[in-house]
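Trainee: Before I ask anything, let me first share the structure, which is written out below as structure tokens.
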There are 2 protein chains.
Amino acid sequence: MTFKPQETDQKAIATLRNFFVCDPKDSHWLNRDRFVLSNGHACILQYMMLVLLGYNLSLDDLKHFRQLNSLTPGHPEAGHTDGVEVTTGPLGQGFANSVGLAIAQKQAAAEFNRDGFELFNSKTYVVLGDGCMMEGVASEAASLAGHLRLDNLIAFYDDNKISIDGDVSCSFTENVSERFRSYEWNVLEVKDGDKDLKSIYDALIKAKECKDKPTLINIRTTIGFGSREQGTHTTHGSPLKDDDIRQVKEKFGFNPDEKFVIPQDVADAYRKYGEQGGKIHGEWKKLLESYGEKYPKEKAEIERRAAHKLPQGWEKALPTFTPDDKEAATRKLSEGVLSKVSAVLPEMLGGSADLTGSNLTRWSDATDFQPPATHLGDWKGRYIRYGVREHAMGAIMNGIHAFGLHIPTSGTFLNFVSYAIGAVRLSALSKFQVIWVATHDSIGLGEDGPTHQPIETAAALRAIPNLDFWRPADGNEVSGAYKVAIESFNKPSVIALTRQGLPQLENSSIENTTRGGYVLVEQENADLTLVSTGSEVVICRDAAKILKDSGIKARVVSLPCFTVFDAQPLEYREKVLPNGAPIMSVEAYSTFGWGKYSHVHHGINRFGVSATAGDAYKYFQMTPEDIAKKSSDVVKYFKKFGSSLESPLVVESKFLQNIK
Amino acid sequence: MTFKPQETDQKAIATLRNFFVCDPKDSHWLNRDRFVLSNGHACILQYMMLVLLGYNLSLDDLKHFRQLNSLTPGHPEAGHTDGVEVTTGPLGQGFANSVGLAIAQKQAAAEFNRDGFELFNSKTYVVLGDGCMMEGVASEAASLAGHLRLDNLIAFYDDNKISIDGDVSCSFTENVSERFRSYEWNVLEVKDGDKDLKSIYDALIKAKECKDKPTLINIRTTIGFGSREQGTHTTHGSPLKDDDIRQVKEKFGFNPDEKFVIPQDVADAYRKYGEQGGKIHGEWKKLLESYGEKYPKEKAEIERRAAHKLPQGWEKALPTFTPDDKEAATRKLSEGVLSKVSAVLPEMLGGSADLTGSNLTRWSDATDFQPPATHLGDWKGRYIRYGVREHAMGAIMNGIHAFGLHIPTSGTFLNFVSYAIGAVRLSALSKFQVIWVATHDSIGLGEDGPTHQPIETAAALRAIPNLDFWRPADGNEVSGAYKVAIESFNKPSVIALTRQGLPQLENSSIENTTRGGYVLVEQENADLTLVSTGSEVVICRDAAKILKDSGIKARVVSLPCFTVFDAQPLEYREKVLPNGAPIMSVEAYSTFGWGKYSHVHHGINRFGVSATAGDAYKYFQMTPEDIAKKSSDVVKYFKKFGSSLESPLVVESKFLQNIK
């Protein structure tokens, strides 16, 4: 059996032309079809296609595959390689991202399309393998996609029956097609994906025509097809042997002595395909222009959102508070922010993992994003009922961001952000703006107990590069945290919020908060500094009052966001956490990570307890009285170091400045 | 319609008696049936049953529900409340735990049962709700349980259609029964779970008779049945109103004026049921005795393992190394340990999330744990093919530990332990011995790039209470890490291992390693201390050699496990990280958390790169030359502090010792 590459490629192109619309010269065109390679380890295929189609990637880039600083890293990275929509490789993520892309597309189409102006009608295509299929995040996403009837989503399941452990029959014998039918997907099967291009073509036609359901095309393939090792896991992770490569090339009609050569007719055909996409894009631009004549406001809005510009003065919507304002849980204050801000920022696309009434993530006049036939909402809705699916929610938010017109915000308990941390790290790596509304942020959640009380979660999130973990202490800090999060187009934020009420603090402000840390209570010639976050800040403030009565001068610093604070100039930071007196951190979490800022770290280095918030705070010695007592011990003990005591932050920062 | 409680209860007991065997006076009896409440928020039901059956829990304990230090916390906690097998509440976990319990039961039965001696024949029962059903971890576990044909597992799906967001039709409309059939489960349906006890009974009979498949009994119920609010989400999280409670009690034939009262006939019936279980247990003890006469070695082995005692001298199996031994990747050294140790510790039950050939977790003569009909292994097998299902793997290992006869060890890449962190934290909270073999532990994994290179994972794991995160630097440290992990019955361990080769170090030893940290290279009047872990220790050693040539005396400390080191006496710790000279940490991770031990922290506070390990280390300035250069800068800068410079660890520890 011999394949003629020309014939095969041209058939493939003909197939693609009918289905996949892109403009390789403008990979950010809003109405492009999206392609996601969820089994990202196969990325050389994606890179090859990008080169052939004429994206900003060259044959030379392919020669540097998986090398330092190349445009062709070991797994596809969004923002790094032209034409790569999302970062994939960690299995299951890309598939869930594609559900997010499809949601964003549906929402944008409903919001902006008008009679005669179908501005948004793209599809999302995703390829996934056995590994993705086994991951829970993909199951969650598939179930939600079926519920949402995302008929703009077409998934190709590369059913090659091989994973790293060998034949998947050693661990994976479920009936995938039936499983997806149970999720209410349209499932099509292609028995011979190696050779039967006609059936793939027919399946694509059917997928495109299918209404009200996403489609899974289950394609039985042979891994390493054509190799002597085809159908075995040796073709999964290792390169083919030289003589095997030779015979594969011969089999498919290539010159076995040539490497990195694209036959001219193939190059021409792909280039032509890319150019055709460019023409379709050109037509779309004209459509947008005439749309703009009839709907100037909507057009301007699309362009503003695509450029990731916020409306002038949007931040005036952020509530501010004075100490006279009443005590409130920061989750409640967050609800206030979301209600105000969602009104001026139509790009906000909210949701919650089945904790709406607890996370308070749904603004009062929100409509649910739902298939209209459910009568529970419509496609224009901006509130997503994710169900109890935190991991998929995180990955779907990444997809929503990647579409380019929305700011996804979603809620769960802080402790359960950890269920989604695989997706959270990819938000950060991909430089995607995703906002987590993480309520019930400490032992202060009370009786639900240690299974729900985060202890280590803040450390886990603070250690992720390019992510802001916020723990606001009152209303102004909540507004400040949202301000930075909403203005940070290139990074995700997790905003940790209390279940319990907190007073509005003197000296807090949005501006102070946006510096990540600031002095809440100043004292000249202070005996110590208490540095704290969130619900423990007011405890420190009250401890300082108690200390004052015993003649101890305590400063209080609020540090709602380590990373934003770390980015301030050293002159500012050393004013906040200066040399000369001991610094004690106070936080109802593991003390892990506080060594950077403080000499003594007061926290909870064990799991929590099921008790009222008040009892839990007493039990863990987190009352103002406890803090005052320990503070006075600190002052006594650290006397011996005198005023020469260095602030840990200042020591390291000055050294780093010095060697620059 | 009026229920007579006596009648209902007695029917319920009759039903149970045929199916659930337990001895309330000995909740650790090895052949008990296991019960798991995966929707742990409904735990008051479980606590009530434990009281009624005569476990070590009282009516008084129920009165302290969700109060500080009570035996009845907000979610069930293993090891805290008599009769609670696993810690549940984080949704989906309990269901996956039950798969682990069933696996352990199958394995133990195959290993120890003999003709005429069916010592192990218990079942695992699990109740789960809509929330569990939506979680990916449950999907993963269900797929694996179907593959493994775990016919000793019976799951009750409480299909009440209500979650916190209200009617699940807003997010969860899949066909659960069909989904489980696609996983190859036996699915039975009960249409009226509120009243039709007969159908539940019949389903149980069928479930028990079913061979070769786990069973899901899908029971349609009404949440808050009997309440005026029945069928709504208001009965999900909030207590019923007083007058509603009255009418419910009246409806079911109770005295509405009484609280915390168990009618005598009900108490008698349950007590009798419990006593019957005790009798069955008594018969089993006799069976075990006569088994012991015929199979004394096996009986002794069961008893040893149940008591969590290791065989005398087991640790002699641990390989040791000298600097003359050849360079090796620590994942390879781990394979050596597993091969040796698995031979002397038959309780070790290994596995990997589809990375067997990469994690090197399968000892050479291992048999897979598989249904014999697959011809891929047998029930006695001690190697589990988990598939690409990290989260379920973590939760299943918790279930395996909970069964009581095994030490579960499983592999994945360190970066993907984060997919499972929801389960990892429950291992720690539950005090369960679970060992993660976490290979490919840094940028040293090379070309797979930043999607696979852990940066923040060590910090996330180090911050979890009651968990040991190990990062051994050579063969002796690998053996030492396993020694502590295997001897730590009450906590989980994550052992981070390299893909790349490392030399065997002078001064490393198993004994040194078991202290968590030790001096690898000592120097009198040192100018600085370099403290490091894993693959960076040898880099520091080589940096110290370079520094020596320029007259700088550098000590080198290896700190493979923070938590084990922290537990050493202060006199030891201050010898390892003493006052008097600057301390710089060197680790190819986020520096987050190092402030506790060092003044300057050299690490990688951004995501990694796709490149060879060598290129990546150069790129991130992690070569001996880079470290030597920065070290000499440190020595120069810190001169001004002189020998009065305090070690951060010593400062805080001495203060804490002082206030004790």
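Order determines the names: the first chain of the structure tokens is A, the second B, and so forth; residues in each chain are numbered 1 upward, and ligands are numbered 1 upward as they are shown.
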Excluding A:Gln105 and residues on its chain fewer than 6 positions from it, collect all residues at most 10 Å away from it, counting only C-alpha atoms, and give them as a list in words.

Mentor: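 The residues that qualify are Leu30, Asn31, Asp33, Arg34, Val99, Glu111, Phe120, Asn121, Ser122, Lys123, Thr124, Leu150, Asn152, Leu153, Trp379, Ile400, Phe403, Gly404 and Leu405 of chain A.
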
Trainee: Could you pull the residues within 6 Å of A:Phe432, counting only C-alpha atoms, minus those fewer than 4 positions along the same chain, as a list in words?

Mentor: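 Surrounding residues, per the criterion: Ser427, Asn490, Lys491 and Pro492 of chain A.
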
Trainee: For the residues selected in the previous step, produce a file with N, CA and C atoms as an mmCIF file, in the first residue's frame.

Mentor:
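New file again_23.cif:
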```
data_model
loop_
_atom_site.group_PDB
_atom_site.id
_atom_site.type_symbol
_atom_site.label_atom_id
_atom_site.label_comp_id
_atom_site.auth_asym_id
_atom_site.auth_seq_id
_atom_site.Cartn_x
_atom_site.Cartn_y
_atom_site.Cartn_z
ATOM 1 N N SER A 427 -3.549 29.206 34.135
ATOM 2 C CA SER A 427 -3.937 30.621 33.967
ATOM 3 C C SER A 427 -2.697 31.486 34.114
ATOM 4 N N ASN A 490 -3.042 40.430 32.321
ATOM 5 C CA ASN A 490 -2.059 39.372 32.057
ATOM 6 C C ASN A 490 -1.809 38.392 33.197
ATOM 7 N N LYS A 491 -2.684 38.391 34.181
ATOM 8 C CA LYS A 491 -2.476 37.404 35.248
ATOM 9 C C LYS A 491 -3.784 37.079 35.951
ATOM 10 N N PRO A 492 -3.841 35.905 36.532
ATOM 11 C CA PRO A 492 -5.022 35.536 37.308
ATOM 12 C C PRO A 492 -4.923 36.082 38.731
#
```

Trainee: Output as a PyMOL selection string all residues of stretch 248-470 of chain A that backbone DSSP marks as helix (DSSP H, G or I).

Mentor: chain A and resi 248-251+264-294+296-306+314-317+330-344+356-359+372-374+390-403+414-430+443-445+457-462

Trainee: Write out as a PyMOL selection string the residues lying within 10 Å of stretch 361-373 of chain B, counting only C-alpha atoms and excluding same-chain residues fewer than 6 positions away.

Mentor: (chain A and resi 170-171) or (chain B and resi 103+106-107+147-150+212+331-332+334-343+349-352+355+379-385+409-412+437-439)

Trainee: Skipping near chain neighbours, those fewer than 4 positions away, what residues fall within 8 Å of A:Gly422 using only C-alpha atoms, listed as number ranges by chain?

Mentor: A: 90, 391, 426; B: 416, 418-419

Trainee: Write out as a PDB file with all heavy atoms, in the first residue's frame the residues lying within 12 Å of B:Asp615, counting only C-alpha atoms and excluding same-chain residues fewer than 2 positions away.

Mentor:
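File around.pdb, as written:
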```
ATOM      1  N   ARG A  66      11.628  22.007  20.973  1.00  0.00           N
ATOM      2  CA  ARG A  66      11.956  21.667  22.368  1.00  0.00           C
ATOM      3  C   ARG A  66      13.318  22.188  22.803  1.00  0.00           C
ATOM      4  O   ARG A  66      13.930  21.635  23.723  1.00  0.00           O
ATOM      5  CB  ARG A  66      11.885  20.145  22.591  1.00  0.00           C
ATOM      6  CG  ARG A  66      10.469  19.580  22.477  1.00  0.00           C
ATOM      7  CD  ARG A  66      10.436  18.069  22.276  1.00  0.00           C
ATOM      8  NE  ARG A  66      10.873  17.316  23.434  1.00  0.00           N
ATOM      9  CZ  ARG A  66      10.062  16.816  24.364  1.00  0.00           C
ATOM     10  NH1 ARG A  66       8.758  17.011  24.293  1.00  0.00           N
ATOM     11  NH2 ARG A  66      10.529  16.122  25.369  1.00  0.00           N
ATOM     12  N   GLN A  67      13.808  23.249  22.167  1.00  0.00           N
ATOM     13  CA  GLN A  67      15.092  23.817  22.584  1.00  0.00           C
ATOM     14  C   GLN A  67      14.886  25.163  23.278  1.00  0.00           C
ATOM     15  O   GLN A  67      13.876  25.828  23.079  1.00  0.00           O
ATOM     16  CB  GLN A  67      16.029  23.957  21.385  1.00  0.00           C
ATOM     17  CG  GLN A  67      16.488  22.601  20.845  1.00  0.00           C
ATOM     18  CD  GLN A  67      17.345  22.720  19.611  1.00  0.00           C
ATOM     19  OE1 GLN A  67      18.062  23.701  19.446  1.00  0.00           O
ATOM     20  NE2 GLN A  67      17.262  21.734  18.739  1.00  0.00           N
ATOM     21  N   LEU A  68      15.876  25.548  24.056  1.00  0.00           N
ATOM     22  CA  LEU A  68      15.795  26.769  24.855  1.00  0.00           C
ATOM     23  C   LEU A  68      15.410  27.970  23.996  1.00  0.00           C
ATOM     24  O   LEU A  68      16.008  28.211  22.949  1.00  0.00           O
ATOM     25  CB  LEU A  68      17.152  27.026  25.530  1.00  0.00           C
ATOM     26  CG  LEU A  68      17.213  28.226  26.483  1.00  0.00           C
ATOM     27  CD1 LEU A  68      16.290  28.032  27.668  1.00  0.00           C
ATOM     28  CD2 LEU A  68      18.644  28.448  26.962  1.00  0.00           C
ATOM     29  N   ASN A  69      14.432  28.713  24.463  1.00  0.00           N
ATOM     30  CA  ASN A  69      13.982  29.952  23.820  1.00  0.00           C
ATOM     31  C   ASN A  69      13.406  29.772  22.418  1.00  0.00           C
ATOM     32  O   ASN A  69      13.228  30.748  21.702  1.00  0.00           O
ATOM     33  CB  ASN A  69      15.119  30.976  23.761  1.00  0.00           C
ATOM     34  CG  ASN A  69      15.508  31.443  25.152  1.00  0.00           C
ATOM     35  OD1 ASN A  69      14.654  31.491  26.046  1.00  0.00           O
ATOM     36  ND2 ASN A  69      16.775  31.773  25.359  1.00  0.00           N
TER      37      ASN A  69
ATOM     38  N   ILE B 443      12.922  21.648  36.804  1.00  0.00           N
ATOM     39  CA  ILE B 443      13.324  21.998  35.437  1.00  0.00           C
ATOM     40  C   ILE B 443      14.271  20.948  34.860  1.00  0.00           C
ATOM     41  O   ILE B 443      14.424  20.855  33.635  1.00  0.00           O
ATOM     42  CB  ILE B 443      14.023  23.377  35.387  1.00  0.00           C
ATOM     43  CG1 ILE B 443      15.193  23.438  36.400  1.00  0.00           C
ATOM     44  CG2 ILE B 443      13.028  24.502  35.620  1.00  0.00           C
ATOM     45  CD1 ILE B 443      16.148  24.589  36.168  1.00  0.00           C
ATOM     46  N   GLY B 444      14.868  20.136  35.731  1.00  0.00           N
ATOM     47  CA  GLY B 444      15.762  19.073  35.295  1.00  0.00           C
ATOM     48  C   GLY B 444      15.075  18.021  34.441  1.00  0.00           C
ATOM     49  O   GLY B 444      15.734  17.199  33.818  1.00  0.00           O
ATOM     50  N   LEU B 445      13.755  18.052  34.376  1.00  0.00           N
ATOM     51  CA  LEU B 445      13.063  17.106  33.489  1.00  0.00           C
ATOM     52  C   LEU B 445      13.255  17.489  32.033  1.00  0.00           C
ATOM     53  O   LEU B 445      13.025  16.689  31.123  1.00  0.00           O
ATOM     54  CB  LEU B 445      11.581  16.973  33.848  1.00  0.00           C
ATOM     55  CG  LEU B 445      10.651  18.173  33.645  1.00  0.00           C
ATOM     56  CD1 LEU B 445      10.138  18.282  32.214  1.00  0.00           C
ATOM     57  CD2 LEU B 445       9.420  18.020  34.554  1.00  0.00           C
ATOM     58  N   GLY B 446      13.635  18.746  31.823  1.00  0.00           N
ATOM     59  CA  GLY B 446      14.055  19.139  30.484  1.00  0.00           C
ATOM     60  C   GLY B 446      12.955  19.563  29.538  1.00  0.00           C
ATOM     61  O   GLY B 446      12.093  20.381  29.880  1.00  0.00           O
ATOM     62  N   GLU B 447      12.973  18.987  28.340  1.00  0.00           N
ATOM     63  CA  GLU B 447      12.257  19.536  27.184  1.00  0.00           C
ATOM     64  C   GLU B 447      10.738  19.567  27.309  1.00  0.00           C
ATOM     65  O   GLU B 447      10.088  20.280  26.527  1.00  0.00           O
ATOM     66  CB  GLU B 447      12.650  18.762  25.920  1.00  0.00           C
ATOM     67  CG  GLU B 447      14.109  18.945  25.503  1.00  0.00           C
ATOM     68  CD  GLU B 447      15.036  17.894  26.084  1.00  0.00           C
ATOM     69  OE1 GLU B 447      14.699  17.325  27.149  1.00  0.00           O
ATOM     70  OE2 GLU B 447      16.085  17.642  25.484  1.00  0.00           O
ATOM     71  N   GLY B 449       9.114  21.006  29.308  1.00  0.00           N
ATOM     72  CA  GLY B 449       8.860  22.436  29.474  1.00  0.00           C
ATOM     73  C   GLY B 449       8.000  22.833  30.655  1.00  0.00           C
ATOM     74  O   GLY B 449       7.694  22.012  31.530  1.00  0.00           O
ATOM     75  N   GLY B 608       9.153  27.622  34.229  1.00  0.00           N
ATOM     76  CA  GLY B 608      10.338  27.033  33.626  1.00  0.00           C
ATOM     77  C   GLY B 608      10.432  27.245  32.121  1.00  0.00           C
ATOM     78  O   GLY B 608       9.794  28.136  31.556  1.00  0.00           O
ATOM     79  N   VAL B 609      11.277  26.439  31.503  1.00  0.00           N
ATOM     80  CA  VAL B 609      11.494  26.540  30.052  1.00  0.00           C
ATOM     81  C   VAL B 609      11.596  25.146  29.441  1.00  0.00           C
ATOM     82  O   VAL B 609      12.039  24.205  30.091  1.00  0.00           O
ATOM     83  CB  VAL B 609      12.803  27.301  29.715  1.00  0.00           C
ATOM     84  CG1 VAL B 609      12.677  28.777  30.014  1.00  0.00           C
ATOM     85  CG2 VAL B 609      14.005  26.699  30.428  1.00  0.00           C
ATOM     86  N   SER B 610      11.230  25.082  28.175  1.00  0.00           N
ATOM     87  CA  SER B 610      11.427  23.850  27.416  1.00  0.00           C
ATOM     88  C   SER B 610      12.840  23.865  26.856  1.00  0.00           C
ATOM     89  O   SER B 610      13.153  24.657  25.968  1.00  0.00           O
ATOM     90  CB  SER B 610      10.394  23.785  26.281  1.00  0.00           C
ATOM     91  OG  SER B 610      10.626  22.676  25.456  1.00  0.00           O
ATOM     92  N   ALA B 611      13.690  23.041  27.405  1.00  0.00           N
ATOM     93  CA  ALA B 611      15.102  22.998  27.007  1.00  0.00           C
ATOM     94  C   ALA B 611      15.709  21.759  27.635  1.00  0.00           C
ATOM     95  O   ALA B 611      15.095  21.152  28.523  1.00  0.00           O
ATOM     96  CB  ALA B 611      15.831  24.246  27.506  1.00  0.00           C
ATOM     97  N   THR B 612      16.913  21.401  27.223  1.00  0.00           N
ATOM     98  CA  THR B 612      17.578  20.298  27.915  1.00  0.00           C
ATOM     99  C   THR B 612      17.793  20.711  29.368  1.00  0.00           C
ATOM    100  O   THR B 612      17.840  21.910  29.688  1.00  0.00           O
ATOM    101  CB  THR B 612      18.962  20.010  27.312  1.00  0.00           C
ATOM    102  OG1 THR B 612      19.789  21.164  27.495  1.00  0.00           O
ATOM    103  CG2 THR B 612      18.863  19.679  25.826  1.00  0.00           C
ATOM    104  N   ALA B 613      17.977  19.720  30.237  1.00  0.00           N
ATOM    105  CA  ALA B 613      18.202  20.024  31.652  1.00  0.00           C
ATOM    106  C   ALA B 613      19.407  20.949  31.800  1.00  0.00           C
ATOM    107  O   ALA B 613      19.367  21.929  32.547  1.00  0.00           O
ATOM    108  CB  ALA B 613      18.401  18.735  32.445  1.00  0.00           C
ATOM    109  N   TYR B 617      19.272  24.660  33.462  1.00  0.00           N
ATOM    110  CA  TYR B 617      20.035  25.037  34.660  1.00  0.00           C
ATOM    111  C   TYR B 617      20.910  26.259  34.399  1.00  0.00           C
ATOM    112  O   TYR B 617      21.036  27.137  35.264  1.00  0.00           O
ATOM    113  CB  TYR B 617      20.856  23.847  35.181  1.00  0.00           C
ATOM    114  CG  TYR B 617      20.058  23.015  36.164  1.00  0.00           C
ATOM    115  CD1 TYR B 617      19.138  22.079  35.727  1.00  0.00           C
ATOM    116  CD2 TYR B 617      20.187  23.222  37.535  1.00  0.00           C
ATOM    117  CE1 TYR B 617      18.368  21.352  36.625  1.00  0.00           C
ATOM    118  CE2 TYR B 617      19.421  22.496  38.441  1.00  0.00           C
ATOM    119  CZ  TYR B 617      18.516  21.570  37.977  1.00  0.00           C
ATOM    120  OH  TYR B 617      17.744  20.867  38.869  1.00  0.00           O
ATOM    121  N   LYS B 618      21.498  26.306  33.208  1.00  0.00           N
ATOM    122  CA  LYS B 618      22.294  27.493  32.885  1.00  0.00           C
ATOM    123  C   LYS B 618      21.407  28.729  32.808  1.00  0.00           C
ATOM    124  O   LYS B 618      21.722  29.785  33.346  1.00  0.00           O
ATOM    125  CB  LYS B 618      22.994  27.296  31.535  1.00  0.00           C
ATOM    126  CG  LYS B 618      24.359  26.624  31.669  1.00  0.00           C
ATOM    127  CD  LYS B 618      25.017  26.460  30.302  1.00  0.00           C
ATOM    128  CE  LYS B 618      25.846  25.192  30.290  1.00  0.00           C
ATOM    129  NZ  LYS B 618      25.851  24.495  29.015  1.00  0.00           N
ATOM    130  N   TYR B 619      20.275  28.581  32.128  1.00  0.00           N
ATOM    131  CA  TYR B 619      19.368  29.707  31.917  1.00  0.00           C
ATOM    132  C   TYR B 619      18.920  30.313  33.252  1.00  0.00           C
ATOM    133  O   TYR B 619      18.818  31.535  33.378  1.00  0.00           O
ATOM    134  CB  TYR B 619      18.168  29.227  31.119  1.00  0.00           C
ATOM    135  CG  TYR B 619      17.195  30.306  30.748  1.00  0.00           C
ATOM    136  CD1 TYR B 619      17.480  31.195  29.717  1.00  0.00           C
ATOM    137  CD2 TYR B 619      15.987  30.439  31.431  1.00  0.00           C
ATOM    138  CE1 TYR B 619      16.581  32.192  29.368  1.00  0.00           C
ATOM    139  CE2 TYR B 619      15.092  31.430  31.087  1.00  0.00           C
ATOM    140  CZ  TYR B 619      15.385  32.300  30.066  1.00  0.00           C
ATOM    141  OH  TYR B 619      14.498  33.286  29.716  1.00  0.00           O
ATOM    142  N   PHE B 620      18.686  29.455  34.227  1.00  0.00           N
ATOM    143  CA  PHE B 620      18.201  29.938  35.522  1.00  0.00           C
ATOM    144  C   PHE B 620      19.345  30.162  36.525  1.00  0.00           C
ATOM    145  O   PHE B 620      19.113  30.253  37.721  1.00  0.00           O
ATOM    146  CB  PHE B 620      17.150  28.983  36.087  1.00  0.00           C
ATOM    147  CG  PHE B 620      15.844  29.076  35.360  1.00  0.00           C
ATOM    148  CD1 PHE B 620      15.362  28.014  34.609  1.00  0.00           C
ATOM    149  CD2 PHE B 620      15.098  30.244  35.400  1.00  0.00           C
ATOM    150  CE1 PHE B 620      14.159  28.110  33.927  1.00  0.00           C
ATOM    151  CE2 PHE B 620      13.889  30.350  34.721  1.00  0.00           C
ATOM    152  CZ  PHE B 620      13.421  29.283  33.973  1.00  0.00           C
ATOM    153  N   GLN B 621      20.571  30.243  36.014  1.00  0.00           N
ATOM    154  CA  GLN B 621      21.733  30.521  36.864  1.00  0.00           C
ATOM    155  C   GLN B 621      21.811  29.567  38.047  1.00  0.00           C
ATOM    156  O   GLN B 621      21.905  29.978  39.208  1.00  0.00           O
ATOM    157  CB  GLN B 621      21.700  31.986  37.327  1.00  0.00           C
ATOM    158  CG  GLN B 621      21.649  32.925  36.121  1.00  0.00           C
ATOM    159  CD  GLN B 621      21.773  34.374  36.511  1.00  0.00           C
ATOM    160  OE1 GLN B 621      20.993  34.867  37.314  1.00  0.00           O
ATOM    161  NE2 GLN B 621      22.754  35.061  35.936  1.00  0.00           N
ATOM    162  N   MET B 622      21.765  28.306  37.708  1.00  0.00           N
ATOM    163  CA  MET B 622      21.796  27.251  38.725  1.00  0.00           C
ATOM    164  C   MET B 622      23.016  26.352  38.558  1.00  0.00           C
ATOM    165  O   MET B 622      22.988  25.202  38.975  1.00  0.00           O
ATOM    166  CB  MET B 622      20.518  26.390  38.598  1.00  0.00           C
ATOM    167  CG  MET B 622      19.288  26.999  39.195  1.00  0.00           C
ATOM    168  SD  MET B 622      19.249  26.721  40.992  1.00  0.00           S
ATOM    169  CE  MET B 622      17.909  27.841  41.422  1.00  0.00           C
ATOM    170  N   THR B 623      24.078  26.861  37.947  1.00  0.00           N
ATOM    171  CA  THR B 623      25.296  26.045  37.827  1.00  0.00           C
ATOM    172  C   THR B 623      26.195  26.314  39.038  1.00  0.00           C
ATOM    173  O   THR B 623      26.028  27.332  39.729  1.00  0.00           O
ATOM    174  CB  THR B 623      26.072  26.424  36.554  1.00  0.00           C
ATOM    175  OG1 THR B 623      26.548  27.770  36.709  1.00  0.00           O
ATOM    176  CG2 THR B 623      25.183  26.342  35.316  1.00  0.00           C
TER     177      THR B 623
END
```

Trainee: Mind listing the strand (DSSP E) residues of stretch 47-296 of chain A, per DSSP on the backbone, as a list in words?

Mentor: Thr124, Tyr125, Val126, Val127, Leu128, Leu153, Ile154, Ala155, Phe156, Tyr157, Asp158, Asp159, Ile162, Ser163, Gly166, Asp167, Asn186, Val187, Leu188, Glu189, Val190, Thr215, Leu216, Ile217, Asn218, Ile219 and Arg220 of chain A

Trainee: I want to know what sits within 12 Å of A:Ser590, based on only C-alpha atoms, with residues of the same chain fewer than 2 positions away left out; could you give that as a ChimeraX atom specification?

Mentor: /A:442-443,453-460,585-588,592-595,601-608,620 /B:459-466,593

Trainee: Applying 8 Å and only C-alpha atoms, which residues near B:Ser631 remain after dropping the ones on its own chain fewer than 4 positions away? List them as a list in words.

Mentor: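 Skipping anything fewer than 4 positions along the chain leaves Leu528, Met584, Ile627 and Val635 of chain B.
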
Trainee: Pull C-alpha atoms from the residues just selected and write them as a PDB file, in the first residue's frame.

Mentor:
```pdb
ATOM      1  CA  LEU B 528      28.591  31.222  54.522  1.00  0.00           C
ATOM      2  CA  MET B 584      21.759  31.174  51.168  1.00  0.00           C
ATOM      3  CA  ILE B 627      26.136  29.755  42.820  1.00  0.00           C
ATOM      4  CA  VAL B 635      29.803  37.019  51.708  1.00  0.00           C
TER       5      VAL B 635
END
```

Trainee: For A:Ile217, which residue among A:Thr513, A:Gln230, A:Ser177, A:Ser647 is the nearest when counting only C-alpha atoms?

Mentor: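 Checking each of A:Thr513, A:Gln230, A:Ser177, A:Ser647 against A:Ile217, counting only C-alpha atoms, the winner is A:Ser177.
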
Trainee: Report the distance between atom CA of B:Ala481 and atom CA of B:Ser358 in Å, rounded to one decimal place.

Mentor: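 One can read the atom CA of B:Ala481 to atom CA of B:Ser358 distance as 19.7 Å.
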
Trainee: Suppose you want the space between atom CA of B:Cys540 and atom CA of B:Leu520; what is it in Å?

Mentor: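 According to the coordinates, atom CA of B:Cys540 and atom CA of B:Leu520 are separated by 10.1 Å.
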
Trainee: Restricting the calculation to only C-alpha atoms: of A:Gly136, A:Gly193, A:Gly129, A:Pro214, which residue gets closest to chain B?

Mentor: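 Using only C-alpha atoms, the shortest distance to chain B belongs to A:Gly136.
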
Trainee: For atom CA of B:Ala628 and atom CA of B:Val600, quote the distance in Å rounded to one decimal.

Mentor: 13.7 Å

Trainee: Nearest to chain A among B:Ile552, B:Met348, B:Ala420, B:Ala402, with distances taken over only C-alpha atoms: which residue is it?

Mentor: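 Smallest separation from chain A among the options: B:Ala420.
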